[in-house]
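Quick look at final_39.cif (mmCIF, C-alpha atoms):
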```cif
data_my_file
#
loop_
_atom_site.label_atom_id
_atom_site.label_comp_id
_atom_site.auth_asym_id
_atom_site.auth_seq_id
_atom_site.Cartn_x
_atom_site.Cartn_y
_atom_site.Cartn_z
CA MET F 1 6.12 28.56 -61.11
CA PHE F 2 7.61 25.14 -60.34
CA GLU F 3 10.79 23.70 -61.83
CA ILE F 4 11.71 20.04 -62.12
CA LEU F 5 15.18 18.63 -62.68
CA PHE F 6 15.33 14.98 -63.74
CA LEU F 7 18.21 13.12 -62.09
CA GLY F 8 17.27 9.63 -63.27
CA THR F 9 14.75 8.50 -65.88
CA SER F 10 15.26 4.76 -66.36
CA ALA F 11 12.85 1.99 -65.38
CA SER F 12 13.88 -0.69 -62.88
CA ALA F 13 17.59 -0.81 -63.84
CA PRO F 14 19.96 1.89 -65.06
CA SER F 15 21.05 2.11 -68.68
CA ALA F 16 24.19 3.64 -70.18
CA LYS F 17 22.43 7.00 -70.55
CA ARG F 18 19.74 6.89 -67.85
CA GLY F 19 20.04 6.65 -64.09
CA LEU F 20 17.39 5.38 -61.70
CA SER F 21 14.39 7.37 -60.54
CA GLY F 22 14.98 10.75 -58.96
CA GLN F 23 13.77 14.30 -59.55
CA ILE F 24 14.15 17.61 -57.76
CA VAL F 25 11.14 19.93 -57.71
CA SER F 26 11.91 23.54 -56.80
CA HIS F 27 9.72 26.49 -55.87
CA ASN F 28 11.49 29.67 -54.77
CA GLU F 29 13.81 28.65 -51.91
CA TYR F 30 12.18 25.22 -51.41
CA ARG F 31 13.51 21.99 -52.89
CA PHE F 32 12.02 18.50 -52.81
CA LEU F 33 13.83 15.33 -53.89
CA ILE F 34 11.24 12.90 -55.23
CA ASP F 35 12.54 9.33 -54.98
CA CYS F 36 16.20 8.44 -54.67
CA GLY F 37 17.30 5.57 -56.87
CA GLU F 38 20.80 4.12 -56.73
CA GLY F 39 23.40 6.69 -57.79
CA THR F 40 21.24 9.74 -57.09
CA GLN F 41 23.98 11.46 -55.06
CA ARG F 42 26.30 11.37 -58.08
CA GLN F 43 23.55 12.69 -60.33
CA ILE F 44 23.03 15.59 -57.91
CA LEU F 45 26.72 16.43 -58.10
CA GLN F 46 26.89 16.05 -61.87
CA SER F 47 23.84 18.28 -62.35
CA GLY F 48 25.57 21.10 -60.48
CA ILE F 49 22.55 21.75 -58.26
CA GLY F 50 24.32 20.55 -55.12
CA PHE F 51 22.92 19.51 -51.75
CA LYS F 52 22.09 22.96 -50.36
CA ARG F 53 18.51 23.20 -49.06
CA LEU F 54 17.81 19.62 -50.17
CA THR F 55 16.25 18.76 -46.83
CA ARG F 56 13.01 17.05 -47.90
CA VAL F 57 12.65 13.71 -49.69
CA LEU F 58 9.24 12.58 -50.98
CA LEU F 59 9.05 8.85 -51.70
CA THR F 60 6.43 7.44 -54.05
CA HIS F 61 6.84 3.82 -52.89
CA GLY F 62 9.34 1.40 -51.41
CA HIS F 63 10.72 -0.49 -54.41
CA LEU F 64 14.50 -0.56 -54.43
CA ASP F 65 14.93 1.35 -57.69
CA HIS F 66 13.24 4.29 -55.95
CA ILE F 67 14.89 4.23 -52.50
CA LEU F 68 18.27 2.47 -52.65
CA GLY F 69 20.14 5.72 -53.28
CA LEU F 70 19.17 6.96 -49.82
CA GLY F 71 21.95 4.82 -48.37
CA GLY F 72 24.63 6.49 -50.47
CA LEU F 73 23.10 9.93 -50.01
CA LEU F 74 23.13 9.63 -46.22
CA SER F 75 26.67 8.23 -46.32
CA THR F 76 27.81 11.29 -48.26
CA LEU F 77 26.02 13.63 -45.88
CA LEU F 78 27.74 11.88 -42.97
CA ARG F 79 31.20 12.64 -44.36
CA TRP F 80 31.17 15.65 -46.63
CA GLU F 81 28.01 17.71 -46.68
CA SER F 82 26.24 19.80 -44.08
CA ILE F 83 22.48 20.31 -44.01
CA ASP F 84 20.30 21.37 -41.08
CA GLU F 85 18.03 18.32 -41.15
CA LEU F 86 16.68 15.63 -43.47
CA THR F 87 13.00 14.72 -43.52
CA ILE F 88 11.92 11.69 -45.54
CA TYR F 89 8.20 11.46 -46.31
CA GLY F 90 6.50 8.22 -47.32
CA GLY F 91 3.88 5.61 -46.53
CA ARG F 92 4.32 3.24 -43.61
CA SER F 93 5.61 0.22 -45.52
CA THR F 94 8.00 2.41 -47.52
CA LEU F 95 9.48 3.96 -44.39
CA GLU F 96 9.86 0.57 -42.72
CA ARG F 97 12.20 -0.43 -45.55
CA VAL F 98 14.00 2.92 -45.42
CA GLN F 99 14.43 2.54 -41.64
CA THR F 100 16.20 -0.77 -42.16
CA LEU F 101 18.40 0.60 -44.94
CA LEU F 102 19.50 3.72 -43.10
CA TYR F 103 19.70 2.62 -39.49
CA ASP F 104 20.74 -1.04 -39.83
CA VAL F 105 22.99 -0.80 -42.89
CA VAL F 106 24.35 2.75 -43.08
CA LEU F 107 24.37 4.01 -39.49
CA ARG F 108 24.74 0.67 -37.62
CA GLY F 109 24.26 2.21 -34.19
CA ASN F 110 25.79 5.59 -35.00
CA GLN F 111 23.82 8.82 -34.92
CA PRO F 112 23.28 10.92 -38.04
CA PRO F 113 25.03 14.32 -38.02
CA MET F 114 21.69 16.13 -38.42
CA PRO F 115 18.12 15.45 -37.28
CA LEU F 116 16.89 12.59 -39.48
CA ILE F 117 13.09 12.40 -39.54
CA LEU F 118 11.08 9.61 -41.14
CA LYS F 119 7.63 11.13 -41.51
CA GLU F 120 4.78 8.75 -42.26
CA ILE F 121 2.16 10.33 -44.49
CA LYS F 122 -1.24 9.50 -45.91
CA PRO F 123 -3.22 11.16 -48.70
CA GLY F 124 -3.79 14.84 -47.96
CA VAL F 125 -1.78 18.04 -47.57
CA ILE F 126 1.70 17.19 -46.27
CA PHE F 127 3.46 20.54 -46.64
CA GLU F 128 2.24 24.14 -46.83
CA THR F 129 3.71 27.63 -47.08
CA ASP F 130 2.11 31.02 -47.61
CA ASP F 131 1.96 30.53 -51.37
CA PHE F 132 1.86 26.80 -52.20
CA THR F 133 0.93 23.35 -50.94
CA VAL F 134 2.16 19.80 -51.48
CA THR F 135 -0.57 17.16 -51.39
CA ALA F 136 -0.09 13.39 -51.42
CA PHE F 137 -2.57 11.11 -53.20
CA SER F 138 -2.96 7.34 -53.58
CA VAL F 139 -1.60 5.54 -56.63
CA THR F 140 -2.24 1.92 -57.62
CA HIS F 141 0.98 -0.08 -58.01
CA ARG F 142 2.41 -3.29 -56.58
CA GLY F 143 2.22 -3.17 -52.81
CA PRO F 144 0.65 -0.76 -50.32
CA ASP F 145 1.20 2.95 -49.61
CA CYS F 146 2.03 4.03 -53.18
CA LEU F 147 1.76 7.80 -53.59
CA GLY F 148 1.93 10.68 -56.01
CA TYR F 149 2.28 14.38 -55.24
CA VAL F 150 0.49 17.56 -56.32
CA PHE F 151 2.40 20.85 -56.10
CA GLU F 152 -0.04 23.74 -56.29
CA GLU F 153 0.32 27.47 -55.89
CA LYS F 154 -2.42 29.17 -53.93
CA ALA F 155 -4.79 31.52 -55.71
CA ARG F 156 -3.71 35.15 -55.59
CA ARG F 157 -4.90 38.59 -56.59
CA PRO F 158 -2.37 40.49 -58.74
CA PHE F 159 -1.30 43.94 -57.59
CA LEU F 160 -2.36 46.58 -60.14
CA SER F 161 0.49 49.07 -60.08
CA GLN F 162 -1.17 51.56 -62.41
CA LYS F 163 -4.22 51.80 -60.16
CA ALA F 164 -2.01 52.24 -57.13
CA ASP F 165 -0.04 54.97 -58.90
CA ALA F 166 -3.24 56.80 -59.85
CA LEU F 167 -4.45 56.68 -56.24
CA GLY F 168 -1.14 58.04 -54.95
CA VAL F 169 -0.04 54.93 -53.07
CA PRO F 170 3.71 55.36 -52.42
CA PHE F 171 6.27 52.66 -53.09
CA GLY F 172 7.18 50.86 -49.90
CA PRO F 173 5.47 49.02 -47.03
CA GLU F 174 2.07 50.56 -47.85
CA ARG F 175 1.83 48.45 -50.97
CA GLY F 176 2.83 45.36 -49.03
CA GLN F 177 0.04 46.04 -46.56
CA LEU F 178 -2.50 46.20 -49.37
CA VAL F 179 -1.23 42.95 -50.90
CA ALA F 180 -1.59 41.36 -47.45
CA GLY F 181 -5.26 42.41 -47.42
CA ASN F 182 -5.02 45.37 -45.08
CA GLU F 183 -6.45 48.86 -45.57
CA ILE F 184 -4.11 51.85 -45.40
CA ILE F 185 -4.54 55.59 -44.90
CA LEU F 186 -2.41 57.94 -46.98
CA ALA F 187 -0.73 61.08 -45.66
CA ASP F 188 -3.61 63.19 -47.01
CA GLY F 189 -6.15 61.09 -45.09
CA LYS F 190 -7.43 59.12 -48.09
CA GLN F 191 -8.41 55.54 -47.23
CA ILE F 192 -7.27 52.83 -49.68
CA THR F 193 -8.64 49.29 -49.53
CA PRO F 194 -7.17 46.15 -51.11
CA ASP F 195 -10.10 46.04 -53.56
CA ASP F 196 -8.92 49.39 -54.92
CA VAL F 197 -5.58 48.04 -56.14
CA LEU F 198 -5.94 44.25 -56.47
CA GLY F 199 -7.23 42.39 -59.53
CA ASP F 200 -9.48 39.35 -59.69
CA TRP F 201 -8.41 36.08 -58.11
CA GLU F 202 -6.11 34.00 -60.32
CA LYS F 203 -5.39 30.30 -59.90
CA GLY F 204 -1.76 29.34 -59.39
CA SER F 205 0.29 26.69 -61.17
CA LYS F 206 -0.59 23.04 -60.63
CA PHE F 207 2.04 20.35 -61.10
CA VAL F 208 1.45 16.62 -60.60
CA VAL F 209 4.15 13.96 -60.18
CA VAL F 210 3.05 10.33 -60.31
CA GLY F 211 5.43 7.52 -59.42
CA ASP F 212 4.95 3.99 -60.75
CA ALA F 213 1.30 3.27 -61.51
CA GLY F 214 -0.80 0.46 -62.91
CA ARG F 215 -4.02 2.29 -63.78
CA ILE F 216 -5.15 5.78 -64.75
CA ASP F 217 -8.90 5.86 -64.10
CA ASN F 218 -8.33 6.81 -60.44
CA LEU F 219 -5.88 9.60 -61.37
CA ILE F 220 -8.09 11.69 -63.66
CA GLU F 221 -9.58 13.89 -60.96
CA VAL F 222 -6.32 14.60 -59.13
CA CYS F 223 -4.61 15.49 -62.43
CA LYS F 224 -7.47 17.64 -63.69
CA ASP F 225 -6.35 20.89 -65.36
CA ALA F 226 -2.72 20.41 -64.28
CA ASP F 227 -0.22 22.68 -66.00
CA GLY F 228 2.28 19.81 -65.96
CA LEU F 229 2.12 16.06 -65.36
CA VAL F 230 5.09 13.74 -64.87
CA ILE F 231 4.22 10.07 -65.11
CA GLU F 232 5.89 6.76 -65.87
CA SER F 233 6.00 5.12 -69.31
CA THR F 234 7.61 1.76 -68.72
CA TYR F 235 6.04 -0.04 -71.69
CA LEU F 236 4.67 0.55 -75.16
CA ASP F 237 1.17 -0.49 -76.15
CA GLU F 238 2.46 -3.59 -77.93
CA GLU F 239 3.29 -5.00 -74.49
CA ALA F 240 0.18 -3.77 -72.68
CA ASP F 241 -0.40 -7.23 -71.20
CA MET F 242 3.04 -7.16 -69.56
CA ALA F 243 2.38 -3.64 -68.30
CA LYS F 244 -0.81 -4.89 -66.66
CA GLN F 245 0.98 -7.91 -65.21
CA PHE F 246 3.61 -5.75 -63.48
CA SER F 247 1.27 -2.84 -62.70
CA HIS F 248 2.92 -0.30 -64.97
CA LEU F 249 1.71 2.07 -67.68
CA THR F 250 2.25 2.33 -71.40
CA ALA F 251 3.03 5.60 -73.18
CA ARG F 252 -0.47 5.53 -74.64
CA MET F 253 -2.05 5.22 -71.18
CA GLY F 254 -0.12 8.21 -69.90
CA ALA F 255 -1.26 10.22 -72.91
CA GLU F 256 -4.86 9.11 -72.43
CA LEU F 257 -4.72 10.33 -68.82
CA ALA F 258 -3.38 13.71 -69.95
CA THR F 259 -6.19 14.01 -72.49
CA LYS F 260 -8.99 13.00 -70.10
CA ALA F 261 -7.69 15.26 -67.31
CA GLY F 262 -7.12 18.31 -69.51
CA VAL F 263 -3.40 18.48 -68.70
CA LYS F 264 -1.38 21.18 -70.46
CA LYS F 265 2.05 19.47 -70.61
CA LEU F 266 2.89 15.76 -70.30
CA ILE F 267 6.39 14.55 -69.40
CA LEU F 268 7.10 10.83 -69.53
CA THR F 269 9.82 9.15 -67.48
CA HIS F 270 10.74 5.69 -66.10
CA ILE F 271 11.66 4.52 -69.60
CA SER F 272 12.56 0.90 -70.26
CA ARG F 273 15.87 0.10 -71.95
CA ARG F 274 14.00 -2.03 -74.47
CA TYR F 275 12.51 0.98 -76.27
CA ARG F 276 13.81 3.82 -78.40
CA GLU F 277 12.88 7.27 -77.17
CA LYS F 278 11.36 8.25 -80.54
CA ASP F 279 8.98 5.28 -80.38
CA VAL F 280 7.80 6.29 -76.90
CA ILE F 281 7.15 9.85 -78.08
CA ALA F 282 5.39 8.69 -81.25
CA GLU F 283 2.97 6.48 -79.33
CA ALA F 284 2.12 9.21 -76.83
CA GLN F 285 1.80 11.95 -79.45
CA SER F 286 -0.72 9.91 -81.38
CA VAL F 287 -3.05 10.60 -78.44
CA PHE F 288 -1.73 13.80 -76.81
CA PRO F 289 0.45 16.23 -78.77
CA ASN F 290 2.21 18.25 -76.06
CA VAL F 291 4.44 15.50 -74.68
CA ALA F 292 8.12 15.09 -73.94
CA VAL F 293 10.25 12.15 -72.82
CA ALA F 294 12.56 13.26 -70.04
CA ARG F 295 16.29 12.57 -70.19
CA ASP F 296 18.70 12.69 -67.27
CA PHE F 297 19.48 16.33 -66.33
CA ASP F 298 16.57 17.77 -68.33
CA THR F 299 14.90 20.74 -66.63
CA TYR F 300 11.32 21.90 -67.19
CA GLN F 301 9.48 24.94 -65.88
CA ILE F 302 5.81 24.50 -65.04
CA LYS F 303 3.75 27.67 -64.86
CA ARG F 304 0.18 28.76 -65.31
CA GLU F 305 -0.68 29.64 -68.87
CA ILE F 306 -2.92 32.71 -69.03
#
```
Before we go any further, please render this structure as structure tokens.
Amino acid sequence: MFEILFLGTSASAPSAKRGLSGQIVSHNEYRFLIDCGEGTQRQILQSGIGFKRLTRVLLTHGHLDHILGLGGLLSTLLRWESIDELTIYGGRSTLERVQTLLYDVVLRGNQPPMPLILKEIKPGVIFETDDFTVTAFSVTHRGPDCLGYVFEEKARRPFLSQKADALGVPFGPERGQLVAGNEIILADGKQITPDDVLGDWEKGSKFVVVGDAGRIDNLIEVCKDADGLVIESTYLDEEADMAKQFSHLTARMGAELATKAGVKKLILTHISRRYREKDVIAEAQSVFPNVAVARDFDTYQIKREI
């Protein structure tokens, strides 16, 4: 299961009720801050989630409404907070802008209090643990190196406790060995294999986060069968020409992507101040029913539906 906390959901400029782009995706002990618009550090504090274990930032692109908060965040970390390290992932042009912001404006010759790593990435797997991966993919928007991210649990075989009980497998490390794929021998000499106590392979949860985007045809495959999709909805269909001009999406386009890709849950963000939330939802729901418009501090859980 993945969980996403929305810190900012406004497009381009903040509104009275919406901050600029920022979300935290969590999986077990891991946390990822996706984008860091102006004011993100305050949103983190107001949400109550705090800075603990927030050591990885994934940037979708280098526009100011998605990165400017990194200056304030680093400034706060310099004075008040303590984390082991901070790794910022992004494309080359994005990190060039971040380098200038952090080293020339914030640090100005000083050293950060923790290892600060700017990690250039390209499409492909950028982070992996025993049970999930984070994969970057290309997104079409204004400028180069625009990215989205897929969070995906690895396939697993469920442990069948009743079968293990029937075979006399004791509680303890023996069961862990079987889950790890190793055979064990019981005290009475009986040999137990993983196939004896593990079920069929089951796919894990798949969660896709798209930053700003200007087209959807090149996103269908990467979003296919996702349990959750977060994507921008800067415009309504009545201003589709303006959306095309500025390389953004309408609510209808996001819903069409969800339909074509077989997505289970659609969450729209990056909402323009010119629209009412109910109008954004209505347009999207006319195409795809299971849709929500995120508000600041909303939390959603994304898990595989069996």
Expected selection from the PyMOL selection byres ((chain F and resi 230) around 7), given as a ChimeraX atom specification: /F:208-210,228-229,231,266-268
Could you expand the PyMOL selection byres ((chain F and resi 23) around 9) into the explicit residues it covers here, written as a ChimeraX atom specification? /F:4-9,21-22,24-25,32-36
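Closest approach to F:Lys224 among F:Asn182, F:Asp298, F:Lys260, F:Thr193 is made by F:Lys260 (distances from all atoms listed in the file).
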Within-12 Å shell of (14.9, 9.8, -79.1) in input frame, only C-alpha atoms, as a list in words: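 It turns out the residues near that spot are Lys17, Ile271, Tyr275, Arg276, Glu277, Lys278, Asp279, Val280, Ile281, Ala282, Ala292, Val293, Ala294 and Arg295 of chain F.
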To one decimal place, how far is atom CA of F:Arg56 from atom CA of F:Arg108 in Å?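 Atom-to-atom, atom CA of F:Arg56 and atom CA of F:Arg108 are spaced 22.6 Å apart.
Counting from atom CA of F:Phe151, the distance to atom CA of F:Arg53 is 17.7 Å.
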Measuring between only C-alpha atoms, which one of F:Cys223, F:Leu77, F:Leu160, F:Leu95 shows the shortest distance to F:His61?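 The closest residue to F:His61 is F:Leu95.
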Quick check on the file I pasted: which residues fall under the PyMOL selection byres ((chain F and resi 3) around 6)? Write them as a list in words.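 The output of the PyMOL selection byres ((chain F and resi 3) around 6) on this file is Phe2, Ile4, Val25, Ser26, Tyr300, Gln301 and Ile302 of chain F.
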Nearest to F:Gln41, restricted to all atoms listed in the file and choosing among F:Thr60, F:Leu198, F:Arg215, F:Ile67, comes out as F:Ile67
Quick one: of F:Leu58, F:Pro115, F:Ser233, F:Gln177, who's nearest to F:Thr135, counting only C-alpha atoms? F:Leu58
Straight-line distance linking atom CA of F:Glu153 with atom CA of F:Pro170, stated in Å to one decimal: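 Spanning atom CA of F:Glu153 to atom CA of F:Pro170 is a straight-line distance of 28.3 Å.
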Would you mind listing what lies within 12 Å of F:Gln99 as a compact mmCIF listing (two decimals) with C-alpha atoms, keeping the file's coordinate frame, with all atoms listed in the file counted and same-chain residues fewer than 2 positions away left out?
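This went into around_35.txt:
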```txt
# COMPACT_ATOMS: atom_id res chain seq x y z
CA GLY F 62 9.34 1.40 -51.41
CA ILE F 67 14.89 4.23 -52.50
CA LEU F 68 18.27 2.47 -52.65
CA LEU F 70 19.17 6.96 -49.82
CA GLY F 71 21.95 4.82 -48.37
CA ILE F 88 11.92 11.69 -45.54
CA TYR F 89 8.20 11.46 -46.31
CA GLY F 90 6.50 8.22 -47.32
CA ARG F 92 4.32 3.24 -43.61
CA SER F 93 5.61 0.22 -45.52
CA THR F 94 8.00 2.41 -47.52
CA LEU F 95 9.48 3.96 -44.39
CA GLU F 96 9.86 0.57 -42.72
CA ARG F 97 12.20 -0.43 -45.55
CA LEU F 101 18.40 0.60 -44.94
CA LEU F 102 19.50 3.72 -43.10
CA TYR F 103 19.70 2.62 -39.49
CA ASP F 104 20.74 -1.04 -39.83
CA VAL F 105 22.99 -0.80 -42.89
CA VAL F 106 24.35 2.75 -43.08
CA LEU F 107 24.37 4.01 -39.49
CA ARG F 108 24.74 0.67 -37.62
CA LEU F 116 16.89 12.59 -39.48
CA ILE F 117 13.09 12.40 -39.54
CA LEU F 118 11.08 9.61 -41.14
CA LYS F 119 7.63 11.13 -41.51
CA GLU F 120 4.78 8.75 -42.26
```
Distance query F:Trp201 at most 8 Å, only C-alpha atoms, self and fewer than 5 positions along chain excluded, as a list in words: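 Result of the neighbour search: Ala155, Arg156, Arg157 and Pro158 of chain F.
Counting only C-alpha atoms, stretch 247-251 of chain F has the following residues at most 7 Å away, ignoring those fewer than 3 positions along the same chain: F:His141, F:Arg142, F:Asp212, F:Ala213, F:Gly214, F:Arg215, F:Glu232, F:Ser233, F:Thr234, F:Tyr235, F:Leu236, F:Asp237, F:Ala240, F:Ala243, F:Lys244, F:Gly254, F:Ala255, F:Val280, F:Glu283, F:Ala284.
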